[in-house]
$ cat my_file_1.cif   # mmCIF, C-alpha atoms
data_model
#
loop_
_atom_site.label_atom_id
_atom_site.label_comp_id
_atom_site.auth_asym_id
_atom_site.auth_seq_id
_atom_site.Cartn_x
_atom_site.Cartn_y
_atom_site.Cartn_z
CA MET A 1387 -143.68 -150.27 -162.27
CA ASN A 1388 -143.87 -150.93 -158.53
CA LYS A 1389 -142.96 -147.86 -156.51
CA LYS A 1390 -141.06 -150.03 -154.02
CA PHE A 1391 -138.67 -150.95 -156.82
CA ALA A 1392 -137.99 -147.29 -157.53
CA ILE A 1393 -137.28 -146.62 -153.86
CA LEU A 1394 -134.93 -149.62 -153.81
CA ILE A 1395 -132.99 -148.36 -156.82
CA LEU A 1396 -132.78 -144.87 -155.35
CA THR A 1397 -131.59 -146.24 -152.02
CA LEU A 1398 -128.91 -148.31 -153.70
CA LEU A 1399 -127.66 -145.30 -155.61
CA MET A 1400 -127.72 -143.16 -152.47
CA SER A 1401 -125.57 -145.74 -150.70
CA MET A 1402 -122.75 -144.61 -152.97
CA THR A 1403 -122.56 -141.33 -151.07
CA VAL A 1404 -121.02 -142.81 -147.94
CA VAL A 1405 -117.59 -143.74 -149.35
CA LEU A 1406 -114.47 -142.25 -147.84
CA ALA A 1407 -112.46 -140.92 -150.77
CA GLY A 1408 -108.89 -139.77 -151.34
CA CYS A 1409 -106.15 -140.02 -153.95
CA THR A 1410 -102.42 -140.25 -154.21
CA SER A 1411 -102.13 -137.34 -156.67
CA LYS A 1412 -104.38 -135.28 -158.90
CA GLN A 1413 -105.75 -137.82 -161.34
CA GLU A 1414 -108.60 -138.36 -163.73
CA PRO A 1415 -111.81 -138.19 -161.65
CA LYS A 1416 -112.68 -141.90 -161.82
CA ASP A 1417 -109.07 -142.93 -161.14
CA ALA A 1418 -109.02 -140.63 -158.11
CA MET A 1419 -112.15 -142.25 -156.73
CA LYS A 1420 -110.90 -145.80 -157.38
CA SER A 1421 -107.55 -145.16 -155.71
CA ALA A 1422 -109.47 -143.70 -152.76
CA THR A 1423 -110.06 -147.08 -151.16
CA GLY A 1424 -106.40 -147.86 -150.60
CA ASN A 1425 -105.68 -144.47 -149.11
CA ALA A 1426 -108.76 -144.48 -146.90
CA MET A 1427 -107.47 -147.70 -145.31
CA LYS A 1428 -104.53 -145.67 -144.01
CA MET A 1429 -106.84 -143.58 -141.84
CA THR A 1430 -106.10 -144.97 -138.38
CA SER A 1431 -107.60 -142.03 -136.51
CA TYR A 1432 -109.56 -138.86 -137.24
CA GLU A 1433 -112.11 -136.33 -136.10
CA MET A 1434 -115.34 -136.14 -138.07
CA LYS A 1435 -118.36 -133.89 -138.41
CA SER A 1436 -121.40 -135.11 -140.33
CA LYS A 1437 -124.76 -133.52 -141.01
CA VAL A 1438 -127.94 -134.59 -142.77
CA VAL A 1439 -130.53 -131.91 -143.51
CA ILE A 1440 -133.94 -132.79 -144.93
CA LYS A 1441 -134.70 -129.58 -146.82
CA ASP A 1442 -138.07 -130.72 -148.09
CA LEU A 1443 -140.17 -133.87 -147.92
CA LYS A 1444 -143.65 -134.30 -149.31
CA VAL A 1445 -145.72 -137.46 -149.64
CA THR A 1446 -149.20 -137.50 -151.15
CA SER A 1447 -151.51 -140.44 -151.77
CA ALA A 1448 -154.77 -141.15 -153.50
CA ASP A 1449 -155.89 -142.34 -150.07
CA THR A 1450 -156.84 -138.99 -148.49
CA GLU A 1451 -156.98 -140.47 -144.98
CA ASN A 1452 -153.47 -141.84 -145.37
CA THR A 1453 -152.24 -138.52 -146.77
CA ALA A 1454 -153.55 -136.62 -143.75
CA ALA A 1455 -151.75 -139.00 -141.39
CA THR A 1456 -148.43 -138.75 -143.20
CA GLU A 1457 -148.54 -134.97 -143.58
CA GLN A 1458 -148.21 -134.55 -139.82
CA VAL A 1459 -145.10 -136.72 -139.79
CA MET A 1460 -143.68 -134.96 -142.83
CA SER A 1461 -144.11 -131.57 -141.19
CA MET A 1462 -141.86 -132.75 -138.34
CA LEU A 1463 -139.20 -134.04 -140.70
CA LYS A 1464 -139.09 -131.00 -142.99
CA ASN A 1465 -135.91 -129.02 -142.25
CA ALA A 1466 -134.95 -131.67 -139.67
CA GLU A 1467 -131.24 -131.96 -138.94
CA LEU A 1468 -129.19 -134.94 -137.84
CA THR A 1469 -125.61 -134.24 -136.81
CA VAL A 1470 -122.85 -136.61 -135.76
CA ASP A 1471 -119.61 -135.27 -134.29
CA GLY A 1472 -117.00 -137.80 -133.33
CA VAL A 1473 -113.48 -139.04 -132.80
CA TYR A 1474 -112.10 -142.40 -133.92
CA GLN A 1475 -108.89 -144.32 -133.31
CA ASN A 1476 -108.03 -147.82 -134.42
CA ASP A 1477 -105.54 -148.96 -131.76
CA PRO A 1478 -106.79 -149.38 -129.13
CA MET A 1479 -110.17 -149.29 -130.83
CA GLN A 1480 -112.31 -146.48 -129.47
CA THR A 1481 -115.00 -144.35 -131.06
CA GLU A 1482 -116.75 -141.40 -129.48
CA LEU A 1483 -119.82 -139.90 -131.12
CA THR A 1484 -122.41 -137.29 -130.22
CA MET A 1485 -125.59 -137.53 -132.26
CA GLY A 1486 -127.73 -134.41 -132.41
CA ILE A 1487 -131.37 -134.51 -133.48
CA ASN A 1488 -133.17 -131.26 -134.27
CA LEU A 1489 -136.83 -131.53 -135.30
CA LYS A 1490 -138.71 -128.43 -136.39
CA GLY A 1491 -142.31 -127.51 -137.14
CA ASP A 1492 -145.27 -127.67 -134.76
CA MET A 1493 -143.65 -130.33 -132.57
CA SER A 1494 -140.09 -129.00 -132.56
CA MET A 1495 -137.54 -130.59 -130.23
CA SER A 1496 -133.78 -130.96 -129.96
CA PHE A 1497 -131.60 -133.37 -128.01
CA ASN A 1498 -128.12 -134.91 -128.10
CA ILE A 1499 -127.12 -138.52 -127.56
CA PRO A 1500 -123.42 -139.10 -126.72
CA MET A 1501 -122.08 -142.61 -127.43
CA VAL A 1502 -118.81 -144.43 -126.77
CA MET A 1503 -117.80 -147.67 -128.47
CA THR A 1504 -114.89 -149.96 -127.64
CA LYS A 1505 -114.00 -153.40 -128.98
CA GLU A 1506 -116.64 -155.15 -126.86
CA LYS A 1507 -118.90 -152.52 -125.32
CA LEU A 1508 -121.26 -149.76 -126.40
CA TYR A 1509 -122.19 -146.92 -124.04
CA VAL A 1510 -125.20 -144.73 -124.85
CA LYS A 1511 -126.03 -141.69 -122.71
CA ILE A 1512 -129.72 -141.61 -121.84
CA PRO A 1513 -131.18 -138.24 -122.88
CA SER A 1514 -134.21 -136.37 -121.63
CA ILE A 1515 -136.65 -136.56 -124.51
CA PRO A 1516 -139.97 -134.70 -124.46
CA MET A 1517 -143.02 -136.98 -124.44
CA LEU A 1518 -140.98 -140.05 -123.43
CA PRO A 1519 -141.46 -141.23 -119.82
CA ILE A 1520 -137.82 -141.64 -118.81
CA PRO A 1521 -137.18 -141.59 -115.02
CA GLU A 1522 -135.07 -138.65 -113.90
CA ASP A 1523 -132.78 -140.99 -111.96
CA VAL A 1524 -131.47 -142.57 -115.16
CA VAL A 1525 -131.31 -139.46 -117.37
CA GLY A 1526 -127.66 -138.59 -117.93
CA LYS A 1527 -126.38 -142.08 -117.17
CA TYR A 1528 -124.77 -144.32 -119.78
CA LEU A 1529 -126.59 -147.48 -120.78
CA VAL A 1530 -123.86 -150.09 -121.26
CA LEU A 1531 -124.33 -152.93 -123.71
CA ASP A 1532 -121.78 -155.71 -123.38
CA MET A 1533 -121.87 -157.37 -126.77
CA LYS A 1534 -120.11 -160.51 -125.56
CA GLU A 1535 -122.64 -161.03 -122.76
CA LEU A 1536 -125.57 -160.34 -125.09
CA ALA A 1537 -124.27 -162.92 -127.55
CA GLU A 1538 -123.95 -165.51 -124.81
CA GLN A 1539 -127.50 -164.81 -123.61
CA GLU A 1540 -128.75 -165.41 -127.13
CA GLY A 1541 -126.77 -168.64 -127.39
CA THR A 1542 -124.44 -167.30 -130.05
CA LYS A 1543 -120.72 -166.69 -130.20
CA PHE A 1544 -119.56 -163.08 -129.94
CA ASN A 1545 -117.60 -161.92 -132.97
CA PRO A 1546 -115.27 -159.02 -132.05
CA ASP A 1547 -115.18 -158.04 -135.74
CA SER A 1548 -118.79 -156.89 -135.46
CA MET A 1549 -117.50 -153.96 -133.37
CA ASP A 1550 -114.39 -153.42 -135.51
CA THR A 1551 -114.75 -150.03 -137.19
CA LYS A 1552 -111.62 -150.61 -139.26
CA LYS A 1553 -112.94 -153.86 -140.72
CA THR A 1554 -116.30 -152.22 -141.43
CA GLN A 1555 -114.45 -149.46 -143.24
CA GLN A 1556 -112.45 -152.04 -145.16
CA LEU A 1557 -115.64 -153.76 -146.32
CA SER A 1558 -117.14 -150.43 -147.36
CA ASN A 1559 -114.01 -149.57 -149.31
CA GLU A 1560 -113.99 -152.89 -151.18
CA ILE A 1561 -117.64 -152.47 -152.10
CA MET A 1562 -117.18 -148.88 -153.23
CA ASN A 1563 -114.12 -149.76 -155.28
CA THR A 1564 -116.18 -152.41 -157.06
CA LEU A 1565 -119.07 -150.01 -157.63
CA TYR A 1566 -116.95 -147.22 -159.04
CA GLY A 1567 -115.09 -149.68 -161.24
CA GLU A 1568 -118.31 -150.51 -163.11
CA TYR A 1569 -119.22 -146.92 -164.01
CA ASP A 1570 -117.90 -145.05 -167.04
CA GLY A 1571 -115.54 -142.27 -166.02
CA ASN A 1572 -116.82 -139.88 -168.68
CA LYS A 1573 -120.51 -140.36 -167.85
CA TYR A 1574 -120.53 -140.38 -164.06
CA PHE A 1575 -117.40 -138.55 -162.84
CA LYS A 1576 -115.92 -135.11 -163.32
CA ASP A 1577 -113.57 -132.65 -161.69
CA ILE A 1578 -115.00 -129.58 -159.97
CA LYS A 1579 -112.84 -126.50 -159.59
CA VAL A 1580 -111.94 -126.09 -155.94
CA LYS A 1581 -113.11 -122.48 -155.95
CA ASP A 1582 -116.52 -123.56 -157.31
CA ALA A 1583 -117.08 -126.40 -154.84
CA ASN A 1584 -118.47 -124.22 -152.00
CA LEU A 1585 -116.16 -125.81 -149.45
CA PRO A 1586 -116.48 -124.65 -145.83
CA GLU A 1587 -113.86 -122.30 -144.47
CA GLY A 1588 -110.80 -124.18 -143.28
CA VAL A 1589 -111.24 -127.20 -145.59
CA ASP A 1590 -108.02 -127.91 -147.44
CA ALA A 1591 -108.44 -129.39 -150.94
CA LYS A 1592 -106.20 -129.89 -153.95
CA GLN A 1593 -108.86 -131.75 -155.97
CA VAL A 1594 -112.63 -132.07 -155.88
CA VAL A 1595 -114.24 -135.03 -157.69
CA GLN A 1596 -117.94 -135.30 -158.41
CA PHE A 1597 -119.97 -138.45 -158.94
CA TYR A 1598 -123.36 -137.65 -160.45
CA VAL A 1599 -126.54 -139.27 -161.74
CA THR A 1600 -129.04 -137.49 -163.98
CA ASN A 1601 -132.34 -138.30 -165.67
CA GLU A 1602 -130.35 -139.21 -168.77
CA ASN A 1603 -128.19 -141.88 -167.13
CA VAL A 1604 -130.27 -143.11 -164.16
CA LYS A 1605 -131.69 -146.10 -166.06
CA GLU A 1606 -128.23 -147.18 -167.14
CA ALA A 1607 -126.87 -146.56 -163.63
CA ALA A 1608 -129.53 -148.82 -162.14
CA GLU A 1609 -128.86 -151.54 -164.74
CA ILE A 1610 -125.13 -151.44 -164.01
CA PHE A 1611 -125.76 -151.74 -160.30
CA VAL A 1612 -128.17 -154.67 -160.56
CA ASN A 1613 -126.55 -156.64 -163.38
CA LYS A 1614 -122.83 -155.93 -162.96
CA ALA A 1615 -121.99 -154.55 -159.55
CA MET A 1616 -124.36 -156.52 -157.32
CA PRO A 1617 -123.02 -160.00 -158.20
CA LYS A 1618 -119.49 -158.82 -157.41
CA ILE A 1619 -120.64 -157.21 -154.16
CA LEU A 1620 -122.19 -160.52 -153.06
CA ASP A 1621 -118.84 -162.21 -153.74
CA ILE A 1622 -117.16 -159.65 -151.46
CA VAL A 1623 -119.71 -160.13 -148.68
CA ALA A 1624 -119.28 -163.91 -149.04
CA LYS A 1625 -115.68 -163.68 -147.80
CA ASP A 1626 -115.47 -165.39 -144.41
CA GLU A 1627 -114.24 -162.31 -142.51
CA TYR A 1628 -117.07 -160.12 -143.81
CA ARG A 1629 -119.83 -162.71 -143.79
CA GLU A 1630 -119.15 -163.56 -140.14
CA MET A 1631 -118.84 -159.89 -139.21
CA LEU A 1632 -122.29 -159.23 -140.69
CA GLY A 1633 -123.77 -162.31 -139.01
CA LEU A 1634 -124.64 -163.98 -142.32
CA THR A 1635 -124.44 -167.65 -143.23
CA LYS A 1636 -123.23 -169.21 -146.47
CA GLU A 1637 -126.84 -170.20 -147.07
CA ASP A 1638 -127.89 -166.54 -146.84
CA ILE A 1639 -125.34 -165.56 -149.48
CA ASP A 1640 -126.20 -168.49 -151.75
CA LYS A 1641 -129.89 -167.62 -151.55
CA ALA A 1642 -129.18 -163.98 -152.42
CA LYS A 1643 -127.14 -165.07 -155.43
CA SER A 1644 -129.83 -167.52 -156.49
CA ASP A 1645 -132.55 -164.86 -156.19
CA LEU A 1646 -130.46 -162.46 -158.25
CA ASN A 1647 -129.77 -165.03 -160.96
CA SER A 1648 -133.37 -166.22 -161.14
CA ALA A 1649 -134.90 -162.74 -161.19
CA ASN A 1650 -137.39 -162.21 -163.97
CA GLN A 1651 -135.22 -160.32 -166.45
CA ASP A 1652 -138.18 -159.28 -168.57
CA GLU A 1653 -139.91 -157.74 -165.58
CA LEU A 1654 -136.69 -156.11 -164.45
CA SER A 1655 -136.05 -154.69 -167.93
CA LYS A 1656 -139.58 -153.33 -168.15
CA GLY A 1657 -139.26 -151.79 -164.71
CA LEU A 1658 -136.04 -150.03 -165.62
CA ASN A 1659 -137.57 -148.76 -168.86
CA ASP A 1660 -140.54 -147.38 -166.90
CA LEU A 1661 -138.21 -145.64 -164.47
CA LYS A 1662 -138.20 -142.43 -166.50
CA ASN A 1663 -142.00 -142.23 -166.29
CA TYR A 1664 -142.15 -141.62 -162.57
CA LEU A 1665 -138.65 -140.90 -161.26
CA LYS A 1666 -137.30 -137.42 -161.85
CA ILE A 1667 -133.82 -136.53 -160.68
CA ASN A 1668 -133.52 -132.79 -160.21
CA GLN A 1669 -130.08 -133.21 -158.65
CA PHE A 1670 -127.93 -136.10 -157.46
CA ASN A 1671 -124.31 -135.05 -156.89
CA VAL A 1672 -121.57 -136.25 -154.55
CA ASN A 1673 -118.54 -133.98 -154.26
CA THR A 1674 -115.42 -135.30 -152.52
CA ALA A 1675 -112.61 -132.94 -151.58
CA ILE A 1676 -109.09 -134.40 -151.31
CA ASP A 1677 -106.46 -132.58 -149.28
CA LYS A 1678 -102.74 -132.13 -149.88
CA LYS A 1679 -101.96 -135.15 -147.70
CA ASP A 1680 -104.10 -137.29 -150.01
CA PHE A 1681 -106.90 -137.86 -147.50
CA PRO A 1682 -110.58 -136.97 -147.78
CA SER A 1683 -111.22 -133.66 -146.08
CA TYR A 1684 -114.85 -133.04 -146.99
CA GLN A 1685 -117.79 -134.65 -148.76
CA ASP A 1686 -121.04 -133.05 -149.83
CA ALA A 1687 -123.97 -134.99 -151.29
CA VAL A 1688 -127.07 -133.25 -152.64
CA VAL A 1689 -130.19 -135.27 -153.48
CA ASN A 1690 -133.34 -133.78 -154.99
CA VAL A 1691 -135.72 -136.32 -156.51
CA GLU A 1692 -139.42 -136.73 -157.28
CA MET A 1693 -141.32 -140.01 -157.62
CA ASN A 1694 -144.82 -140.18 -159.07
CA ASP A 1695 -146.38 -143.64 -159.32
CA PRO A 1696 -148.90 -143.64 -162.20
CA GLU A 1697 -150.65 -146.75 -160.88
CA THR A 1698 -151.24 -145.85 -157.23
CA LYS A 1699 -151.12 -142.06 -157.71
CA ASP A 1700 -148.72 -141.94 -154.75
CA ASN A 1701 -146.18 -139.12 -155.05
CA MET A 1702 -143.05 -138.25 -153.13
CA MET A 1703 -140.60 -135.38 -153.27
CA LEU A 1704 -137.35 -135.48 -151.31
CA SER A 1705 -134.67 -132.83 -151.07
CA MET A 1706 -131.75 -133.40 -148.70
CA GLN A 1707 -128.09 -132.60 -148.21
CA MET A 1708 -125.44 -134.70 -146.46
CA THR A 1709 -121.96 -133.54 -145.48
CA ASN A 1710 -118.92 -135.25 -143.94
CA GLN A 1711 -115.81 -133.44 -142.80
CA TYR A 1712 -112.60 -135.11 -141.62
CA SER A 1713 -109.70 -133.54 -139.77
CA LYS A 1714 -106.68 -134.52 -137.65
CA VAL A 1715 -106.24 -137.64 -139.77
CA ASN A 1716 -103.72 -140.08 -138.23
CA GLU A 1717 -102.99 -137.68 -135.39
CA LYS A 1718 -103.25 -138.36 -131.66
CA GLN A 1719 -106.89 -137.92 -130.72
CA THR A 1720 -108.47 -136.37 -127.63
CA PHE A 1721 -111.57 -138.09 -126.25
CA LYS A 1722 -113.79 -135.62 -124.40
CA ILE A 1723 -116.09 -138.26 -122.89
CA GLY A 1724 -113.67 -141.13 -122.35
CA ILE A 1725 -114.79 -144.50 -121.00
CA PRO A 1726 -117.70 -143.87 -118.59
CA LYS A 1727 -117.00 -144.68 -114.92
CA ASP A 1728 -118.95 -147.36 -113.05
CA SER A 1729 -120.89 -144.66 -111.18
CA GLU A 1730 -122.05 -143.22 -114.51
CA VAL A 1731 -123.20 -146.54 -115.97
CA ILE A 1732 -126.50 -148.40 -115.85
CA THR A 1733 -127.16 -151.89 -117.24
CA MET A 1734 -130.16 -152.90 -119.31
CA ASP A 1735 -131.59 -154.89 -116.40
CA GLU A 1736 -131.27 -151.90 -114.09
CA LEU A 1737 -132.88 -149.61 -116.67
CA GLN A 1738 -135.82 -151.98 -117.14
CA LYS A 1739 -136.35 -152.12 -113.36
CA GLN A 1740 -136.26 -148.33 -113.12
CA MET A 1741 -138.71 -147.98 -116.01
CA GLY A 1742 -141.00 -150.61 -114.51
CA SER A 1743 -141.08 -149.08 -111.02
CA ALA A 1744 -141.57 -145.50 -112.20
CA SER A 1745 -145.05 -144.03 -112.04
CA TYR A 1746 -146.25 -141.31 -114.39
#

$ encode --input "my_file_1.cif" --output "C-alpha cells"
Amino acid sequence: MNKKFAILILTLLMSMTVVLAGCTSKQEPKDAMKSATGNAMKMTSYEMKSKVVIKDLKVTSADTENTAATEQVMSMLKNAELTVDGVYQNDPMQTELTMGINLKGDMSMSFNIPMVMTKEKLYVKIPSIPMLPIPEDVVGKYLVLDMKELAEQEGTKFNPDSMDTKKTQQLSNEIMNTLYGEYDGNKYFKDIKVKDANLPEGVDAKQVVQFYVTNENVKEAAEIFVNKAMPKILDIVAKDEYREMLGLTKEDIDKAKSDLNSANQDELSKGLNDLKNYLKINQFNVNTAIDKKDFPSYQDAVVNVEMNDPETKDNMMLSMQMTNQYSKVNEKQTFKIGIPKDSEVITMDELQKQMGSASY
C-alpha cells in the first residue's frame, strides 16, 4: 500500500484531537463527547494554553543520501516544543495569541511571535530570528495585514466570516459531532478516573473521557471515516456559510464528492487491509477533562506510531503529545497586548522596502 495513504489516514484520525469537548452532566463517554458540541458553542470568551511536544521523530529511507539529509532536520525537531498562549472573546471579536517555538539539538533556538486578530485585521509581531536577515528597524514592530484590502487587491470580495473565530469553532463542532456519531461508544470511548488522568494542578474536572484507537480497531476506524463520516462532512462544508468562509466553490465540493464516490473501492479495501502490515499504533489516546460548569478544562492527546513501508523500505516513527487548557470561560478577558498603535505597526509594503534596502 502507498505510504502516502497511510499518512493521510493517520492525519485524518489525528484531526479528531482538536475538538473542544464538554458535557451537561456525567454521561456515558460517547454521549458526553457528542453533547460537547452544543456546550462548546456557549464559550464566548476564554483563556487558553496549548503545547505540542515532539518527543521523538525518526525517518529512514532506502535512499542513504536522502536519509542523511532528513536526519539533520529530524535532529532539530526532536524534543521541539510549540506553545500557544492566548485570550479570545467573541463580541467584539478579538483574539490575542503568543506562539512560542523552541527548537533543540545542534541548532537550538527559541523565539516568540505575538499575534492579534480582529474581525478584519491580523497583526503579527516581527521577531528576531537567528539566521534570518531581518532589519533591526522592523524587529519588534507589528506587521498588519488588512484582509479586506488584500481581497480587493486580488480582485475578490472580502468575507468577514473568514476571520470569525466563532463560526470556525461552529464548523469544527459540527464536523466533530458527525465524526463521533459514527464511532461505536464501546469500541472507541471510555471513562478515565479523574485521579488517574494525570491532570495538571489547578485543573478542575468532574469527568474525563477518552477517545482511543489501537492496532485492533485502526482499520475499522479508517473505514468508518472514509465511507461513513467523510460524505457527511462534505455535506456540512457544502453549506453556504461554511463553503464561503473556506473560500470554496460549489464546483469544488461537487468534485470532492464525485472523487469520493468514484474511488476505486477494491484498491481502497486492499489498502485498508494492508494497513496492519506497516502501521503500528503504540498509543493513540485523547483525554478530555470536563469541569463542574460543564466546559472543557483540559485536553491531552498522546500519539506514538510507527510506519514501515514494505515496498519503499521507508520507515517513520513519531511520538508526540498535545495539550490544551481552558480557563476563565465566559468571563471578562484582559488583553495584555491590545490593538497595536500606529507607531508600532508596519505594512507589508513598508516591510518589503525595508528588506530590499537592507544590506547584509

$ resolve_selection --input "my_file_1.cif" --expression "the PyMOL selection byres ((chain A and resi 1619) around 12)" --output "number ranges by chain"
A: 1557-1568, 1611-1618, 1620-1625, 1628-1629, 1639, 1642-1643, 1646

$ residues_around --input "my_file_1.cif" --residues "stretch 1721-1732 of chain A" --least-positions-apart "2" --cutoff "6 Å" --atoms "all atoms listed in the file" --output "list in words"
Lys1527, Tyr1528 and Leu1529 of chain A

$ residues_around --input "my_file_1.cif" --residues "A:Phe1497" --least-positions-apart "6" --cutoff "8 Å" --atoms "all atoms listed in the file" --output "PyMOL selection string"
chain A and resi 1486-1488+1513-1515

$ atom_distance --input "my_file_1.cif" --atom1 "atom CA of A:Asn1476" --atom2 "atom CA of A:Tyr1684"
20.6 Å

$ resolve_selection --input "my_file_1.cif" --expression "the PyMOL selection byres ((chain A and resi 1609) around 12)" --output "number ranges by chain"
A: 1395, 1398-1399, 1568-1569, 1603-1608, 1610-1616, 1651, 1654-1659, 1661

$ resolve_selection --input "my_file_1.cif" --expression "the PyMOL selection byres ((chain A and resi 1433) around 7)" --output "PyMOL selection string"
chain A and resi 1432+1434+1472-1474+1712-1714

$ residues_around --input "my_file_1.cif" --residues "A:Asn1663" --least-positions-apart "2" --cutoff "10 Å" --atoms "all atoms listed in the file" --output "PyMOL selection string"
chain A and resi 1387+1658-1661+1665-1666+1693-1696

$ atom_distance --input "my_file_1.cif" --atom1 "atom CA of A:Met1708" --atom2 "atom CA of A:Leu1468"
9.4 Å

$ atom_distance --input "my_file_1.cif" --atom1 "atom CA of A:Gln1596" --atom2 "atom CA of A:Leu1483"
27.7 Å

$ residues_around --input "my_file_1.cif" --residues "A:Gln1740" --least-positions-apart "3" --cutoff "12 Å" --atoms "all atoms listed in the file" --output "ChimeraX atom specification"
/A:1519-1525,1732-1737,1743-1745

$ residues_near_point --input "my_file_1.cif" --point "(-135.7, -128.8, -139.6)" --cutoff "10 Å" --atoms "all atoms listed in the file" --output "JSON, numbers by chain"
{"A": [1439, 1440, 1441, 1442, 1461, 1462, 1463, 1464, 1465, 1466, 1467, 1468, 1487, 1488, 1489, 1490, 1491, 1494, 1495]}

$ closest_residue --input "my_file_1.cif" --among "A:Ala1583, A:Val1470, A:Val1595, A:Val1715" --to "A:Val1438" --atoms "all atoms listed in the file"
A:Val1470

$ closest_residue --input "my_file_1.cif" --among "A:Met1631, A:Thr1504, A:Thr1698, A:Thr1469" --to "A:Lys1553" --atoms "all atoms listed in the file"
A:Met1631

$ closest_residue --input "my_file_1.cif" --among "A:Asp1645, A:Val1599, A:Ser1447, A:Pro1682" --to "A:Gln1669" --atoms "only C-alpha atoms"
A:Val1599

$ axis_aligned_box --input "my_file_1.cif" --around "stretch 1631-1648 of chain A" --padding-each-side "6 Å" --output "AutoDock Vina command-line options"
--center_x -126.1 --center_y -164.7 --center_z -150.1 --size_x 26.5 --size_y 23.0 --size_z 34.1
